[in-house]
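Undergrad: My structure file structure06.cif, mmCIF, C-alpha atoms, is below:
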```
data_protein
loop_
_atom_site.label_atom_id
_atom_site.label_comp_id
_atom_site.auth_asym_id
_atom_site.auth_seq_id
_atom_site.Cartn_x
_atom_site.Cartn_y
_atom_site.Cartn_z
CA MET A 1 58.44 -232.95 -1.33
CA ASN A 2 58.34 -236.64 -0.39
CA ARG A 3 56.38 -239.35 -2.12
CA ASN A 4 53.59 -239.44 0.49
CA ALA A 5 53.07 -235.70 0.09
CA LEU A 6 52.82 -236.08 -3.69
CA CYS A 7 50.17 -238.75 -3.24
CA LEU A 8 48.13 -236.45 -1.04
CA VAL A 9 47.88 -233.71 -3.69
CA PRO A 10 45.56 -235.50 -6.15
CA CYS A 11 43.59 -236.95 -3.24
CA LEU A 12 43.07 -233.45 -1.86
CA ILE A 13 41.98 -232.16 -5.26
CA LEU A 14 39.53 -235.03 -5.69
CA SER A 15 38.22 -234.43 -2.20
CA LEU A 16 37.64 -230.74 -2.93
CA LEU A 17 35.90 -231.56 -6.20
CA PHE A 18 33.71 -234.12 -4.50
CA CYS A 19 32.74 -231.68 -1.77
CA SER A 20 32.05 -228.97 -4.34
CA ASN A 21 29.89 -231.28 -6.45
CA GLY A 22 28.17 -232.51 -3.34
CA ARG A 23 27.29 -228.98 -2.29
CA SER A 24 26.06 -228.23 -5.83
CA ALA A 25 23.88 -231.34 -5.87
CA ALA A 26 22.56 -230.54 -2.41
CA ALA A 27 21.75 -226.99 -3.48
CA GLN A 28 19.80 -228.32 -6.46
CA GLN A 29 17.91 -230.72 -4.22
CA GLU A 30 17.08 -227.88 -1.84
CA THR A 31 15.47 -225.87 -4.66
CA PRO A 32 11.80 -226.93 -4.71
CA VAL A 33 10.61 -228.27 -8.04
CA VAL A 34 6.93 -227.80 -8.85
CA ARG A 35 5.38 -229.53 -11.87
CA TYR A 36 2.93 -227.29 -13.72
CA ILE A 37 0.40 -228.49 -16.29
CA LEU A 38 -0.94 -225.93 -18.76
CA ASN A 39 -4.71 -225.79 -19.18
CA ASN A 40 -4.75 -225.15 -22.94
CA LEU A 41 -2.58 -223.68 -25.67
CA GLY A 42 -5.11 -221.03 -26.60
CA SER A 43 -4.71 -219.03 -23.39
CA VAL A 44 -1.86 -217.40 -21.50
CA TYR A 45 -2.26 -217.63 -17.74
CA THR A 46 -0.64 -215.95 -14.75
CA THR A 47 1.62 -218.97 -14.24
CA ASP A 48 2.90 -218.71 -17.82
CA ILE A 49 3.78 -215.03 -17.44
CA ALA A 50 5.44 -215.71 -14.08
CA LEU A 51 7.61 -218.34 -15.74
CA GLU A 52 8.45 -216.04 -18.64
CA GLN A 53 9.46 -213.20 -16.30
CA GLY A 54 11.49 -215.38 -13.94
CA PHE A 55 9.32 -214.59 -10.93
CA PHE A 56 9.37 -218.18 -9.65
CA ALA A 57 13.15 -218.30 -9.77
CA ALA A 58 13.29 -215.02 -7.83
CA GLU A 59 11.41 -216.77 -5.01
CA GLY A 60 13.72 -219.79 -5.16
CA VAL A 61 11.16 -222.08 -6.78
CA ARG A 62 11.85 -224.14 -9.89
CA VAL A 63 8.78 -224.83 -12.02
CA GLU A 64 8.75 -227.43 -14.79
CA THR A 65 5.95 -227.55 -17.35
CA VAL A 66 4.84 -231.15 -17.75
CA GLY A 67 2.43 -230.83 -20.66
CA VAL A 68 -0.84 -229.38 -21.92
CA ALA A 69 -4.04 -230.80 -20.46
CA GLY A 70 -6.55 -229.44 -22.95
CA GLY A 71 -9.06 -228.25 -20.36
CA GLY A 72 -9.89 -227.94 -16.68
CA SER A 73 -10.94 -231.53 -16.06
CA PRO A 74 -7.68 -233.04 -17.36
CA VAL A 75 -5.74 -230.47 -15.30
CA ILE A 76 -7.55 -231.60 -12.17
CA GLN A 77 -6.99 -235.25 -12.99
CA ALA A 78 -3.27 -234.65 -13.48
CA VAL A 79 -2.98 -232.85 -10.14
CA LEU A 80 -5.04 -235.45 -8.29
CA THR A 81 -2.99 -238.36 -9.63
CA GLY A 82 0.30 -236.62 -8.87
CA SER A 83 1.34 -236.22 -12.50
CA ALA A 84 1.41 -232.47 -11.81
CA ASP A 85 1.51 -230.33 -8.68
CA LEU A 86 0.10 -227.05 -9.93
CA GLY A 87 -2.66 -226.13 -12.34
CA GLY A 88 -5.72 -224.02 -12.93
CA ALA A 89 -9.32 -224.66 -13.90
CA ALA A 90 -12.69 -223.28 -12.82
CA MET A 91 -14.64 -223.40 -9.58
CA PRO A 92 -17.41 -225.77 -10.74
CA ALA A 93 -14.77 -228.21 -11.97
CA TYR A 94 -13.13 -228.13 -8.53
CA ILE A 95 -16.47 -228.80 -6.85
CA ASN A 96 -17.16 -231.64 -9.24
CA ALA A 97 -13.79 -233.15 -8.32
CA ALA A 98 -14.52 -232.75 -4.60
CA ARG A 99 -17.91 -234.37 -5.15
CA ALA A 100 -16.06 -237.41 -6.49
CA GLY A 101 -13.72 -237.48 -3.49
CA GLY A 102 -10.81 -235.51 -4.94
CA LYS A 103 -8.63 -233.80 -2.35
CA LEU A 104 -7.72 -230.46 -3.92
CA LYS A 105 -7.31 -226.97 -2.55
CA VAL A 106 -7.65 -223.65 -4.35
CA ILE A 107 -4.83 -221.61 -2.79
CA TYR A 108 -5.17 -218.44 -4.88
CA GLY A 109 -8.25 -216.93 -6.47
CA GLY A 110 -6.50 -215.30 -9.39
CA PRO A 111 -7.63 -212.50 -11.71
CA ALA A 112 -11.22 -212.07 -12.85
CA MET A 113 -12.62 -214.52 -15.36
CA ALA A 114 -14.50 -211.59 -16.88
CA HIS A 115 -14.99 -207.89 -16.20
CA GLU A 116 -16.25 -204.75 -17.88
CA HIS A 117 -13.07 -204.34 -19.94
CA ASP A 118 -12.72 -208.00 -20.85
CA PRO A 119 -15.91 -210.09 -21.17
CA GLY A 120 -13.95 -213.34 -20.92
CA TYR A 121 -15.17 -216.31 -22.95
CA LEU A 122 -17.19 -215.42 -26.04
CA TRP A 123 -19.86 -217.58 -27.65
CA ILE A 124 -19.25 -216.89 -31.34
CA VAL A 125 -21.49 -217.78 -34.28
CA ARG A 126 -21.35 -217.09 -38.00
CA SER A 127 -23.02 -213.86 -39.08
CA ASP A 128 -25.28 -215.76 -41.51
CA SER A 129 -26.35 -218.39 -38.97
CA HIS A 130 -29.56 -216.66 -37.79
CA ILE A 131 -28.61 -217.58 -34.23
CA ASN A 132 -29.49 -214.56 -32.13
CA SER A 133 -30.57 -215.99 -28.78
CA ALA A 134 -30.28 -219.03 -26.56
CA LYS A 135 -33.53 -220.39 -27.94
CA ASP A 136 -31.96 -220.48 -31.41
CA LEU A 137 -29.44 -223.02 -30.15
CA VAL A 138 -31.93 -225.88 -30.04
CA GLY A 139 -30.59 -228.70 -32.21
CA LYS A 140 -27.32 -226.85 -32.87
CA THR A 141 -23.75 -228.02 -32.26
CA ILE A 142 -21.31 -226.09 -30.07
CA ALA A 143 -17.55 -226.61 -29.97
CA MET A 144 -15.59 -226.17 -26.74
CA GLY A 145 -12.13 -227.10 -25.52
CA ALA A 146 -13.21 -229.73 -23.00
CA ARG A 147 -16.15 -231.12 -21.08
CA GLY A 148 -16.47 -230.55 -17.35
CA ALA A 149 -14.84 -227.11 -17.48
CA MET A 150 -16.07 -223.51 -17.46
CA TRP A 151 -16.87 -223.72 -21.16
CA GLU A 152 -19.52 -226.32 -20.42
CA TYR A 153 -20.79 -225.01 -17.07
CA ALA A 154 -21.22 -221.47 -18.40
CA THR A 155 -23.02 -222.79 -21.49
CA LYS A 156 -25.42 -224.71 -19.25
CA GLU A 157 -26.00 -221.63 -17.11
CA TYR A 158 -26.75 -219.55 -20.22
CA LEU A 159 -29.25 -222.12 -21.46
CA LYS A 160 -30.80 -222.51 -18.01
CA LYS A 161 -31.31 -218.76 -17.58
CA ASN A 162 -33.10 -218.67 -20.93
CA GLY A 163 -35.28 -221.74 -20.39
CA VAL A 164 -33.53 -223.97 -22.91
CA PRO A 165 -32.96 -227.63 -21.92
CA VAL A 166 -29.29 -228.56 -21.99
CA ASP A 167 -29.98 -231.79 -23.89
CA LYS A 168 -31.29 -229.77 -26.84
CA LEU A 169 -27.73 -228.70 -27.70
CA ASN A 170 -24.96 -230.94 -29.07
CA ILE A 171 -21.55 -230.44 -27.48
CA LEU A 172 -18.40 -231.28 -29.42
CA VAL A 173 -14.88 -231.14 -27.96
CA VAL A 174 -12.51 -229.33 -30.35
CA PRO A 175 -8.99 -228.10 -29.46
CA THR A 176 -8.93 -224.32 -29.18
CA PRO A 177 -6.58 -223.67 -32.14
CA GLN A 178 -8.96 -225.55 -34.50
CA GLN A 179 -12.19 -223.89 -33.41
CA GLU A 180 -12.18 -221.09 -35.95
CA GLN A 181 -11.77 -223.59 -38.78
CA VAL A 182 -14.67 -225.80 -37.70
CA LEU A 183 -16.92 -222.75 -37.27
CA ARG A 184 -16.16 -221.19 -40.64
CA SER A 185 -16.42 -224.55 -42.42
CA LYS A 186 -19.87 -225.01 -40.85
CA GLN A 187 -18.94 -228.20 -39.02
CA VAL A 188 -20.32 -226.56 -35.86
CA ASP A 189 -22.73 -223.71 -35.23
CA VAL A 190 -21.12 -222.09 -32.17
CA ILE A 191 -17.69 -221.99 -30.56
CA VAL A 192 -16.64 -220.89 -27.09
CA ALA A 193 -13.44 -218.89 -27.50
CA VAL A 194 -11.30 -216.63 -25.36
CA SER A 195 -8.93 -213.73 -26.03
CA PRO A 196 -6.62 -213.40 -27.85
CA LEU A 197 -7.96 -216.04 -30.28
CA SER A 198 -11.54 -214.79 -30.00
CA ASP A 199 -10.49 -211.26 -31.00
CA LYS A 200 -8.61 -212.60 -34.02
CA ILE A 201 -11.68 -214.57 -35.12
CA LEU A 202 -13.97 -211.56 -34.83
CA GLU A 203 -11.52 -209.30 -36.64
CA GLY A 204 -11.57 -211.77 -39.56
CA GLY A 205 -15.23 -210.92 -40.18
CA GLY A 206 -18.20 -213.12 -40.91
CA THR A 207 -18.82 -213.82 -37.23
CA LYS A 208 -20.66 -212.26 -34.29
CA VAL A 209 -20.90 -212.63 -30.54
CA LEU A 210 -23.95 -214.41 -29.16
CA THR A 211 -23.12 -213.90 -25.48
CA THR A 212 -20.17 -213.53 -23.13
CA LEU A 213 -19.07 -214.89 -19.80
CA TYR A 214 -19.58 -211.45 -18.26
CA ASP A 215 -23.15 -211.31 -19.62
CA ILE A 216 -23.90 -214.72 -18.14
CA PHE A 217 -22.41 -214.26 -14.67
CA GLY A 218 -22.24 -210.55 -14.03
CA LYS A 219 -19.81 -208.58 -11.91
CA HIS A 220 -19.37 -210.71 -8.82
CA ILE A 221 -19.09 -214.25 -10.16
CA GLY A 222 -17.38 -212.97 -13.31
CA GLY A 223 -14.99 -211.07 -11.07
CA ALA A 224 -13.85 -214.25 -9.35
CA GLY A 225 -10.81 -216.02 -10.77
CA PHE A 226 -10.39 -219.50 -12.15
CA GLY A 227 -8.13 -220.28 -9.22
CA ILE A 228 -4.80 -222.04 -8.74
CA ILE A 229 -4.92 -225.53 -7.29
CA VAL A 230 -2.63 -227.99 -5.56
CA ARG A 231 -3.34 -231.27 -3.80
CA GLU A 232 -4.37 -230.90 -0.16
CA GLU A 233 -1.47 -233.17 0.78
CA PHE A 234 0.97 -230.96 -1.14
CA ALA A 235 -0.18 -227.83 0.72
CA ARG A 236 -0.14 -229.60 4.07
CA LYS A 237 3.37 -230.98 3.65
CA ASN A 238 4.81 -227.88 1.94
CA PRO A 239 3.18 -224.81 3.52
CA GLU A 240 6.13 -222.52 2.80
CA LEU A 241 6.25 -223.64 -0.82
CA ALA A 242 2.47 -223.11 -1.13
CA ARG A 243 2.95 -219.62 0.26
CA LYS A 244 5.67 -218.90 -2.31
CA LEU A 245 3.42 -220.10 -5.13
CA VAL A 246 0.71 -217.68 -4.02
CA VAL A 247 3.22 -214.84 -3.62
CA VAL A 248 4.54 -215.38 -7.15
CA HIS A 249 1.07 -215.45 -8.72
CA LEU A 250 0.02 -212.36 -6.79
CA LYS A 251 3.23 -210.54 -7.72
CA THR A 252 2.68 -211.46 -11.39
CA ASP A 253 -0.92 -210.26 -11.53
CA LEU A 254 -0.01 -206.97 -9.86
CA TRP A 255 2.91 -206.55 -12.28
CA VAL A 256 0.63 -207.19 -15.26
CA GLN A 257 -1.84 -204.56 -14.08
CA LYS A 258 0.94 -202.03 -13.63
CA ASN A 259 2.85 -202.90 -16.83
CA PRO A 260 0.33 -203.95 -19.50
CA GLN A 261 2.64 -203.22 -22.44
CA LEU A 262 5.52 -205.20 -20.98
CA ALA A 263 3.08 -207.98 -20.16
CA ARG A 264 1.87 -208.01 -23.76
CA LYS A 265 5.47 -208.49 -24.92
CA ALA A 266 5.76 -211.40 -22.52
CA VAL A 267 2.59 -212.91 -23.98
CA ALA A 268 4.02 -212.58 -27.51
CA SER A 269 7.19 -214.35 -26.40
CA ILE A 270 5.17 -217.15 -24.81
CA LEU A 271 3.09 -217.64 -27.97
CA GLN A 272 6.23 -217.72 -30.10
CA LYS A 273 7.76 -220.41 -27.89
CA ARG A 274 4.56 -222.41 -28.32
CA LYS A 275 4.99 -222.07 -32.09
CA GLN A 276 1.84 -219.96 -32.27
CA ASN A 277 1.47 -216.61 -34.00
CA PRO A 278 2.95 -213.98 -31.63
CA VAL A 279 1.13 -211.21 -33.52
CA ILE A 280 -2.15 -212.16 -31.84
CA ALA A 281 -0.67 -210.92 -28.56
CA LYS A 282 -1.94 -207.49 -29.65
CA TYR A 283 -5.45 -208.71 -28.74
CA TRP A 284 -4.43 -209.82 -25.27
CA LYS A 285 -6.13 -207.89 -22.46
CA PRO A 286 -4.49 -207.16 -19.09
CA THR A 287 -5.85 -209.05 -16.13
CA GLN A 288 -7.95 -207.44 -13.42
CA LEU A 289 -7.29 -208.67 -9.90
CA ARG A 290 -9.97 -208.43 -7.26
CA ASN A 291 -8.95 -208.05 -3.61
CA TYR A 292 -5.42 -209.42 -4.05
CA GLY A 293 -6.71 -212.78 -5.27
CA LEU A 294 -8.50 -213.51 -2.01
CA LEU A 295 -11.58 -215.68 -2.39
CA ASP A 296 -14.75 -215.48 -0.33
CA ASP A 297 -17.48 -218.00 0.36
CA ARG A 298 -19.82 -216.45 -2.21
CA ASP A 299 -17.41 -217.38 -5.01
CA VAL A 300 -17.94 -221.02 -4.09
CA SER A 301 -21.47 -221.09 -2.66
CA TYR A 302 -22.89 -219.85 -5.99
CA TRP A 303 -21.68 -223.06 -7.58
CA LEU A 304 -22.53 -225.27 -4.61
CA ASP A 305 -26.12 -224.04 -4.91
CA TRP A 306 -25.95 -224.73 -8.63
CA PHE A 307 -24.94 -228.36 -7.99
CA VAL A 308 -27.68 -228.73 -5.36
CA GLN A 309 -30.28 -227.46 -7.84
CA GLU A 310 -28.95 -229.90 -10.42
CA GLY A 311 -29.44 -232.73 -7.93
CA LYS A 312 -25.72 -233.54 -7.91
CA LEU A 313 -25.12 -232.47 -4.30
CA LYS A 314 -27.07 -232.48 -1.08
CA GLU A 315 -27.44 -229.24 0.84
CA GLY A 316 -24.38 -228.77 3.06
CA GLU A 317 -22.60 -231.84 1.69
CA ILE A 318 -19.63 -229.69 0.65
CA LYS A 319 -18.69 -226.41 2.32
CA PRO A 320 -16.77 -223.51 0.71
CA SER A 321 -13.89 -224.17 3.12
CA ASP A 322 -13.58 -227.67 1.64
CA ILE A 323 -12.68 -226.08 -1.69
CA TYR A 324 -10.45 -223.09 -0.98
CA THR A 325 -8.15 -221.46 1.54
CA ASN A 326 -6.70 -217.95 1.80
CA GLN A 327 -4.14 -218.95 4.44
CA PHE A 328 -1.16 -218.74 2.06
CA ASN A 329 -2.03 -215.27 0.76
CA PRO A 330 0.03 -212.53 2.47
CA HIS A 331 -2.99 -210.20 2.39
CA TYR A 332 -5.17 -212.59 4.34
CA ARG A 333 -6.00 -211.57 7.87
CA LYS A 334 -7.54 -214.37 9.85
CA LEU A 335 -10.27 -213.23 12.24
#
```
Would it be possible to restate this file's structure as structure tokens?
TA:
Amino acid sequence: MNRNALCLVPCLILSLLFCSNGRSAAAQQETPVVRYILNNLGSVYTTDIALEQGFFAAEGVRVETVGVAGGGSPVIQAVLTGSADLGGAAMPAYINAARAGGKLKVIYGGPAMAHEHDPGYLWIVRSDSHINSAKDLVGKTIAMGARGAMWEYATKEYLKKNGVPVDKLNILVVPTPQQEQVLRSKQVDVIVAVSPLSDKILEGGGTKVLTTLYDIFGKHIGGAGFGIIVREEFARKNPELARKLVVVHLKTDLWVQKNPQLARKAVASILQKRKQNPVIAKYWKPTQLRNYGLLDDRDVSYWLDWFVQEGKLKEGEIKPSDIYTNQFNPHYRKL
């Protein structure tokens, strides 16, 4: 072999390595990365289970968790500002954001907030508090995870239905993991909690349920989901990616319904990774999905009417189609 040939060998090797690394880097760049912000540590959502089970990866989507918001309003703010791409909150919070000019889109309805087998959020008081109705809440203090989220809107609806002015109740924001402590130590009179933490609190004794999300909203509105959101721009520029996100969430919810015990193990694993007690996964209740996560106008118009009655919106100022779309759901059939 001559000298020139010897010189070509390392050059060829370097060239092959460069091409290989280039293909690897290109492959990584081709894998979509979606930034997900968790609503709160006290709940396990469809997105969390999908991550745990590897369902996003199976669709060729890489999801990175970028933090814990601590409630629906901070989730929305993070998505609107581009700090996150994907999150979940509640319909009234989405409408409130749209009212302020936020360009969001609910692309998947998600499982029911509450149903006959899982009442959803619970308003819990101490057994010795003598609080037995909405009217007993006058002058009392209630702890919830955040303002501007379903905790607050449902509380207002409960008071409104029972003729109690909202300003007669003091609202205090307390992180979900600390709510039991502030209730039992009598720093607050009521907490708004959700399974599995709510079940653990009740099992500990000395507490009782004042009302539930299902009691407040009933079958239809309770049967609607919190919804998965992205920015309108994100959905417009990445329609195939938006479709994959919906497919993964739908696949996860259907899997949970079919495999509740396996799903409970996934919840325990998630809690352990969050450095929370995985034992409370035994309280976790399987989700119930209505109509493959498809939303309808009634799910939104209920809240639009609510905002109109509150004087925060004009009639027709925002339409249901401004808030949600079913176009990325494989079960949607456009008329």
Undergrad: Go through the shown structure with the PyMOL selection byres ((chain A and resi 67) around 10) and write out the matching residues as a list in words.
TA: Arg35, Tyr36, Ile37, Leu38, Asn39, Asn40, Glu64, Thr65, Val66, Val68, Ala69, Gly70, Val75, Ala78, Ser83 and Ala84 of chain A
Undergrad: To one decimal place in Å, what is the distance between CA of Lys285 in chain A and CA of Glu116 in chain A?
TA: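 Interatomic distance here is 11.5 Å.
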Undergrad: Around the point (-7.8, -218.6, -28.3) (coordinates from the file), which residues reach within 6 Å if we count only C-alpha atoms? Answer as a ChimeraX atom specification.
TA: /A:42-43,176,193-198
Undergrad: If we count only C-alpha atoms, what is near range 238-245 of chain A at a cut-off of 7 Å, once residues fewer than 3 positions away on the same chain are taken out, given as a PDB file with C-alpha atoms, in the coordinates of the input?
TA:
```pdb
ATOM      1  CA  GLU A  59      11.410-216.770  -5.010  1.00  0.00           C
ATOM      2  CA  PHE A 234       0.970-230.960  -1.140  1.00  0.00           C
ATOM      3  CA  ALA A 235      -0.180-227.830   0.720  1.00  0.00           C
ATOM      4  CA  VAL A 248       4.540-215.380  -7.150  1.00  0.00           C
ATOM      5  CA  HIS A 249       1.070-215.450  -8.720  1.00  0.00           C
ATOM      6  CA  PHE A 328      -1.160-218.740   2.060  1.00  0.00           C
ATOM      7  CA  ASN A 329      -2.030-215.270   0.760  1.00  0.00           C
TER       8      ASN A 329
END
```
Undergrad: Evaluate the PyMOL selection byres ((chain A and resi 155-158) around 10) against this structure - the residues, as a PyMOL selection string, please.
TA: chain A and resi 123+134+142+144+150-154+159-167+169+171+192+211-213+215-217+306
Undergrad: Residues within 12 Å of Gln261 in chain A, please, as a list in words. Count all atoms listed in the file; anything in the same chain fewer than 3 positions from it doesn't count.
TA: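 Close residues of Gln261 in chain A: Trp255, Val256, Gln257, Lys258, Arg264, Lys265, Ala266, Val267, Ala268, Ala281, Lys282, Tyr283, Trp284, Lys285 and Pro286 of chain A.
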Undergrad: Which of these residues is nearest to Val279 in chain A, using only C-alpha atoms: A:Val308, A:Tyr108, A:Ala58, A:Lys200?
TA: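 Closest to Val279 in chain A of all the choices is A:Lys200.
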Undergrad: May I ask which of the residues A:Val33, A:Leu289, A:Leu172, A:Ile124 is the closest one to Leu254 in chain A, counting only C-alpha atoms?
TA: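 Smallest distance to Leu254 in chain A is found for A:Leu289.
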Undergrad: Selected by the PyMOL selection byres ((chain A and resi 208) around 8) in the shown coordinates: which residues, as JSON, numbers by chain?
TA: {"A": [124, 125, 126, 127, 202, 206, 207, 209, 210]}
Undergrad: Report, in Å to a single decimal, how far apart CA of Pro74 in chain A and CA of Gly145 in chain A are.
TA: 11.0 Å
Undergrad: Applying 7 Å and only C-alpha atoms, which residues near Val79 in chain A remain after dropping the ones on its own chain fewer than 5 positions away? List them as JSON, numbers by chain.
TA: {"A": [84, 85, 86, 230, 231]}
Undergrad: What is the distance between CA of Tyr302 in chain A and CA of His117 in chain A, in Å to one decimal?
TA: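 Computed distance, CA of Tyr302 in chain A to CA of His117 in chain A, equals 23.1 Å.
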Undergrad: For a quick check of understanding, using all atoms listed in the file, which of A:Glu233, A:Leu51, A:Phe226, A:Val190 has the smallest distance to Leu80 in chain A?
TA: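 Comparing A:Glu233, A:Leu51, A:Phe226, A:Val190 against Leu80 in chain A, the winner is A:Glu233.
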Undergrad: Go through A:Lys105, A:Ala146, A:Asp305, A:Gly71 one by one, measure the shortest atom-to-atom distance of each to Asn326 in chain A using only C-alpha atoms, and give the residue with the smallest value.
TA: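 Closest candidate: A:Lys105.
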